[in-house]
Structure formats: C-alpha cells, structure tokens
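Enquirer: Quick one: structure below, then a few questions.
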Amino acid sequence: MLISLDVLEKVIREAGSIALTYFNDLKNLQVNMKSPRDFVTEADVAVEAFLKERLSLEYPQFGFWGEESGQSANQASRWVVDPIDGTHSFSKGQYFWGISVALEIDDDIKVGVVYAPALNDYYAAEKGKGACKNGVPISVSNETDLANAMVGTGFACIRSFSSENNLQRFCRIAGNTSGQRRFGSAALDLCLVADGQVDAYWEQELNLYDVAAGALIASEAGATITDFKGDSGLFPKQILATNGKILDQILPLM
Ligand code: IPD
Ligand code: CA
Ligand code: CA
C-alpha cells in the first residue's frame with residue numbers, strides 16, 4: 001500500500017476544519033484576484049500550506065503541486081492539490097466547494113479524495129478498488145436516455161476570454177436534456193457523476209488539480225472519462241464524464 005487512506009483522511013479533515021474557520025467568518029475573509037475573474041482567498045492559501053506541510057511530513061518521498069503554491073520537489077510522484085475548488089462559491093457563503101487531493105505516480109492517478117466540509121461529504125477512491133462517499137460504495141446512474149438526463153458543466157473558459165466559451169455547446173446540450181446544473185466546483189461535479197446525482201458533466205480549460213481526484217473517483221464509480229471527441233488526448237483541458245450509457249448520445253452534441 002502506497003499510503004494509509006486513514007492517515008490521508010485525518011489530514012484532509014483537519015484541512016477542512018481550517019477551511020470552515022474562514023468560511024464561518026466571511027465578513028473578515030480576505031479575497032484577492034489572481035487574474036480577471038479568478039478569485040483566491042486567504043483560506044485557499046492557508047489550506048494549501050497546511051496540506052503541503054502535513055503531507056510532506058507524512059510522506060516525504062512525494063512532491064507537491066498545489067494550485068496556489070505551484071510545484072515543489074519530486075514531480076514524478078506527487079500530490080496534486082486544489083485546496084478549495086469552488087472558491088467563488090466559498091467566498092459567497094455557498095456550500096458547494098471542496099478540497100481536492102490526488103496522488104499521482106508516473107502520470108497515473110492512484111488515489112483521489114474530494115472533501116466537501118460544508119456538505120460533510122467525503123468522496124474517495126483508490127485505483128482499481130472502487131469509489132466511496134462517506135465510506136459507502138457509490139456508482140454512476142442508470143439513465144440511458146439523454147433526453148431524460150441531468151447534466152452539469154462549468155465555464156472556466158470565461159476567464160480566458162476565449163471565443164470558444166462553451167456557451168453554444170451548453171445551448172445545444174440543454175436543448176436535448178431534461179436538467180442542467182452549474183454547481184461551481186469541477187471536483188465536486190465529477191463526484192456527483194460518480195454518485196449518480198448527475199448523468200454527465202463536461203468542462204474545458206481546467207487544470208489537472210481541478211479534476212485529478214474527481215476523475216479517478218468518477219471512473220472508479222463506473223464513469224467514462226474522455227475529452228470532447230471521446231478520446232483521452234486533450235485531458236484535462238477538456239473533460240467529459242458520463243455514466244457510460246449516454247456517451248454515444250452526447251458526443252455528437254459536444
Ligand atoms: C473553479 C471551479 C469551477 C470551474 C472553474 C475552476 P477554483 O476552481 O472548479 O467550477 O468552472 O473553472 O477554476 O478556481 O474555484 O479552484
Ligand atoms: Ca479549481
Ligand atoms: Ca482552487
């Protein structure tokens with residue numbers, strides 16, 4: 001066993017307590033802009049600093065790549081961390097945000113955890129051993145008809161002010177599905193596919209730290225994880241997670 005999942009859970013839950021301290025004192029929360037439309041708070045920085053210190057103490061053989069502090073030490077075997085995925089939601093006092101931690105060994109994600117402290121939901125997966133939510137095994141939905149499906153997406157691309165901004169794709173897919181959601185955390189969006197709460201999720205212009213843990217959790221729960229053409233070549237810049245049963249129906253609309 002590479003690591004102890006119990007030790008990892010203890011560390012991540014401690015990180016969740018740190019995040020909640022800031023979340024419960026939003027009037028004093030310092031919020032900055034990394035770039036136009038890209039928020040970072042002192043909570044993001046504090047949670048990442050805690051995770052970097054504690055994971056390095058517990059597992060000195062692994063390097064670290066965090067959204068806020070960048071890459072350090074061994075990058076062949078590293079923790080890939082988004083300390084708060086859904087920062088904008090966090091800063092507004094909304095509950096849909098998560099701490100995303102993945103262990104990547106030689107470009108292969110071996111362990112993934114997404115913890116949503118405000119929702120008290122802990123999603124975890126180890127490659128080849130399935131996915132769990134709060135210790136209970138989870139699996140994707142059984143929806144077979146895209147017309148009856150609920151789908152999720154996000155608009156990371158808006159930050160890059162790119163003309164290819166997912167809005168036309170969203171309209172095409174919205175016109176062929178029953179429900180559409182934009183929850184605000186890519187990591188948790190992927191966990192909702194894993195848990196069968198959403199039948200498919202897609203987004204573009206994300207980074208590995210947004211999706212590394214959630215993609216493993218979703219795939220271990222039976223999801224297909226592809227790019228918008230149904231391949232894997234453009235991951236993580238393009239991600240399409242489905243329950244597998246509606247993949248052929250949604251691909252032509254991507
Ligand atoms: C963001 C969330 C959001 C997605 C953005 C991401 P952050 O992560 O995952 O759902 O649409 O593109 O950047 O910035 O809150 O860590
Ligand atoms: Ca993120
Ligand atoms: Ca983040």
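In the structure tokens, each chain is lettered A, B, ... as it comes, each chain's residues begin at 1, and ligands are numbered from 1 in order of appearance.
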Report the residues of stretch 92-219 of chain A whose backbone DSSP state falls under strand (DSSP E), written as a VMD selection string.
Expert: chain A and resid 98 to 105 108 to 116 121 to 126 131 to 133 136 to 137 150 to 153 179 to 181 200 to 204
Enquirer: Could you turn the residues from that selection into a file that holds N, CA, C and O atoms, as a short mmCIF file (atom, residue, chain, number, x, y, z; two decimals), in the first residue's frame?
Expert:
data_model
loop_
_atom_site.label_atom_id
_atom_site.label_comp_id
_atom_site.auth_asym_id
_atom_site.auth_seq_id
_atom_site.Cartn_x
_atom_site.Cartn_y
_atom_site.Cartn_z
N GLY A 98 -15.04 22.23 -2.47
CA GLY A 98 -14.38 21.03 -1.96
C GLY A 98 -12.87 21.15 -1.94
O GLY A 98 -12.28 21.96 -2.64
N ILE A 99 -12.26 20.30 -1.11
CA ILE A 99 -10.80 20.15 -1.04
C ILE A 99 -10.44 18.94 -1.88
O ILE A 99 -10.94 17.84 -1.63
N SER A 100 -9.62 19.13 -2.92
CA SER A 100 -9.31 18.05 -3.84
C SER A 100 -7.84 17.66 -3.70
O SER A 100 -6.94 18.49 -3.85
N VAL A 101 -7.61 16.37 -3.39
CA VAL A 101 -6.24 15.86 -3.20
C VAL A 101 -6.09 14.58 -4.00
O VAL A 101 -6.88 13.64 -3.84
N ALA A 102 -5.11 14.52 -4.89
CA ALA A 102 -4.83 13.30 -5.66
C ALA A 102 -3.36 12.94 -5.50
O ALA A 102 -2.51 13.81 -5.33
N LEU A 103 -3.09 11.63 -5.54
CA LEU A 103 -1.70 11.15 -5.55
C LEU A 103 -1.41 10.62 -6.95
O LEU A 103 -2.08 9.69 -7.41
N GLU A 104 -0.45 11.25 -7.62
CA GLU A 104 -0.10 10.88 -8.99
C GLU A 104 1.29 10.26 -9.00
O GLU A 104 2.24 10.87 -8.52
N ILE A 105 1.42 9.06 -9.52
CA ILE A 105 2.69 8.36 -9.63
C ILE A 105 2.96 8.08 -11.11
O ILE A 105 2.16 7.39 -11.76
N ASP A 108 0.10 8.63 -13.42
CA ASP A 108 -1.09 7.81 -13.18
C ASP A 108 -1.67 8.18 -11.81
O ASP A 108 -0.97 8.12 -10.80
N ILE A 109 -2.96 8.56 -11.79
CA ILE A 109 -3.61 8.93 -10.52
C ILE A 109 -3.96 7.65 -9.77
O ILE A 109 -4.75 6.83 -10.24
N LYS A 110 -3.36 7.49 -8.58
CA LYS A 110 -3.54 6.24 -7.80
C LYS A 110 -4.59 6.40 -6.71
O LYS A 110 -5.24 5.44 -6.32
N VAL A 111 -4.67 7.60 -6.15
CA VAL A 111 -5.61 7.87 -5.05
C VAL A 111 -6.23 9.25 -5.29
O VAL A 111 -5.55 10.17 -5.75
N GLY A 112 -7.55 9.34 -5.04
CA GLY A 112 -8.21 10.64 -5.17
C GLY A 112 -9.19 10.85 -4.03
O GLY A 112 -9.92 9.95 -3.67
N VAL A 113 -9.19 12.06 -3.47
CA VAL A 113 -10.13 12.45 -2.42
C VAL A 113 -10.69 13.83 -2.74
O VAL A 113 -9.95 14.73 -3.12
N VAL A 114 -12.02 13.95 -2.62
CA VAL A 114 -12.66 15.27 -2.68
C VAL A 114 -13.53 15.38 -1.43
O VAL A 114 -14.46 14.58 -1.24
N TYR A 115 -13.20 16.34 -0.60
CA TYR A 115 -13.91 16.51 0.67
C TYR A 115 -14.65 17.83 0.65
O TYR A 115 -14.05 18.88 0.37
N ALA A 116 -15.97 17.77 0.92
CA ALA A 116 -16.81 18.97 0.93
C ALA A 116 -17.21 19.24 2.38
O ALA A 116 -18.24 18.73 2.86
N ASP A 121 -19.48 15.81 3.15
CA ASP A 121 -19.35 14.65 2.24
C ASP A 121 -17.89 14.44 1.90
O ASP A 121 -17.17 15.37 1.51
N TYR A 122 -17.47 13.18 2.04
CA TYR A 122 -16.07 12.80 1.82
C TYR A 122 -16.06 11.72 0.75
O TYR A 122 -16.54 10.62 0.97
N TYR A 123 -15.59 12.07 -0.45
CA TYR A 123 -15.52 11.14 -1.58
C TYR A 123 -14.07 10.66 -1.69
O TYR A 123 -13.14 11.48 -1.58
N ALA A 124 -13.89 9.35 -1.91
CA ALA A 124 -12.52 8.82 -2.01
C ALA A 124 -12.49 7.64 -2.96
O ALA A 124 -13.48 6.91 -3.12
N ALA A 125 -11.35 7.47 -3.62
CA ALA A 125 -11.16 6.32 -4.50
C ALA A 125 -9.68 5.95 -4.53
O ALA A 125 -8.80 6.82 -4.42
N GLU A 126 -9.42 4.67 -4.66
CA GLU A 126 -8.07 4.15 -4.89
C GLU A 126 -8.15 3.38 -6.20
O GLU A 126 -9.12 2.63 -6.43
N ALA A 131 -15.05 3.39 -5.66
CA ALA A 131 -15.17 4.73 -5.08
C ALA A 131 -16.20 4.71 -3.96
O ALA A 131 -17.17 3.92 -4.01
N CYS A 132 -16.01 5.56 -2.99
CA CYS A 132 -16.93 5.64 -1.84
C CYS A 132 -17.30 7.09 -1.54
O CYS A 132 -16.55 8.00 -1.84
N LYS A 133 -18.46 7.25 -0.96
CA LYS A 133 -18.90 8.54 -0.40
C LYS A 133 -19.18 8.27 1.08
O LYS A 133 -20.04 7.42 1.40
N VAL A 136 -19.23 4.64 1.99
CA VAL A 136 -20.21 3.72 1.34
C VAL A 136 -19.93 3.70 -0.16
O VAL A 136 -19.81 4.76 -0.78
N PRO A 137 -19.84 2.52 -0.79
CA PRO A 137 -19.57 2.45 -2.24
C PRO A 137 -20.61 3.20 -3.06
O PRO A 137 -21.81 3.19 -2.72
N MET A 150 -29.90 14.56 -16.54
CA MET A 150 -29.46 15.80 -15.90
C MET A 150 -27.95 15.91 -16.10
O MET A 150 -27.23 14.95 -15.85
N VAL A 151 -27.52 17.05 -16.60
CA VAL A 151 -26.10 17.24 -16.91
C VAL A 151 -25.56 18.47 -16.18
O VAL A 151 -26.31 19.38 -15.82
N GLY A 152 -24.23 18.47 -15.96
CA GLY A 152 -23.58 19.61 -15.33
C GLY A 152 -22.46 20.13 -16.21
O GLY A 152 -21.93 19.39 -17.05
N THR A 153 -22.11 21.37 -16.01
CA THR A 153 -20.96 21.94 -16.70
C THR A 153 -20.42 23.12 -15.92
O THR A 153 -20.88 23.43 -14.83
N GLY A 179 -32.40 18.28 -17.56
CA GLY A 179 -31.94 19.15 -16.47
C GLY A 179 -30.50 19.58 -16.68
O GLY A 179 -29.69 18.79 -17.19
N GLN A 180 -30.18 20.82 -16.35
CA GLN A 180 -28.83 21.35 -16.49
C GLN A 180 -28.44 22.06 -15.18
O GLN A 180 -29.27 22.76 -14.60
N ARG A 181 -27.20 21.83 -14.74
CA ARG A 181 -26.75 22.43 -13.49
C ARG A 181 -25.35 23.01 -13.64
O ARG A 181 -24.53 22.45 -14.39
N ALA A 200 -24.08 13.28 -16.52
CA ALA A 200 -22.88 13.66 -17.29
C ALA A 200 -22.44 15.05 -16.87
O ALA A 200 -23.24 15.86 -16.37
N TYR A 201 -21.15 15.30 -17.02
CA TYR A 201 -20.56 16.61 -16.71
C TYR A 201 -19.48 16.85 -17.74
O TYR A 201 -18.74 15.92 -18.11
N TRP A 202 -19.34 18.09 -18.22
CA TRP A 202 -18.24 18.44 -19.10
C TRP A 202 -17.73 19.84 -18.77
O TRP A 202 -18.45 20.66 -18.18
N GLU A 203 -16.49 20.11 -19.07
CA GLU A 203 -15.91 21.45 -18.92
C GLU A 203 -14.60 21.51 -19.71
O GLU A 203 -14.02 20.48 -20.04
N GLN A 204 -14.17 22.71 -20.01
CA GLN A 204 -12.92 22.90 -20.76
C GLN A 204 -12.06 23.93 -20.02
O GLN A 204 -12.56 24.67 -19.17
#
Enquirer: May I ask you to write as an NGL selection string all residues lying at most 8 Å from ligand 1, with only C-alpha atoms and all ligand atoms counted?
Expert: :A and (38-40 or 67 or 82-89 or 97 or 153-157 or 159 or 182-187 or 189 or 203-207 or 210)
Enquirer: Please provide as JSON, numbers by chain all residues within 7 Å of stretch 58-64 of chain A, with the sequence filter that same-chain residues fewer than 2 positions apart are discarded (counting only C-alpha atoms).
Expert: {"A": [52, 54, 55, 56, 66, 71, 72, 73, 74, 75, 77, 78, 79, 80]}
Enquirer: What is the distance between atom CA of A:Asn166 and atom CA of A:Arg37, in Å to one decimal?
Expert: 16.3 Å
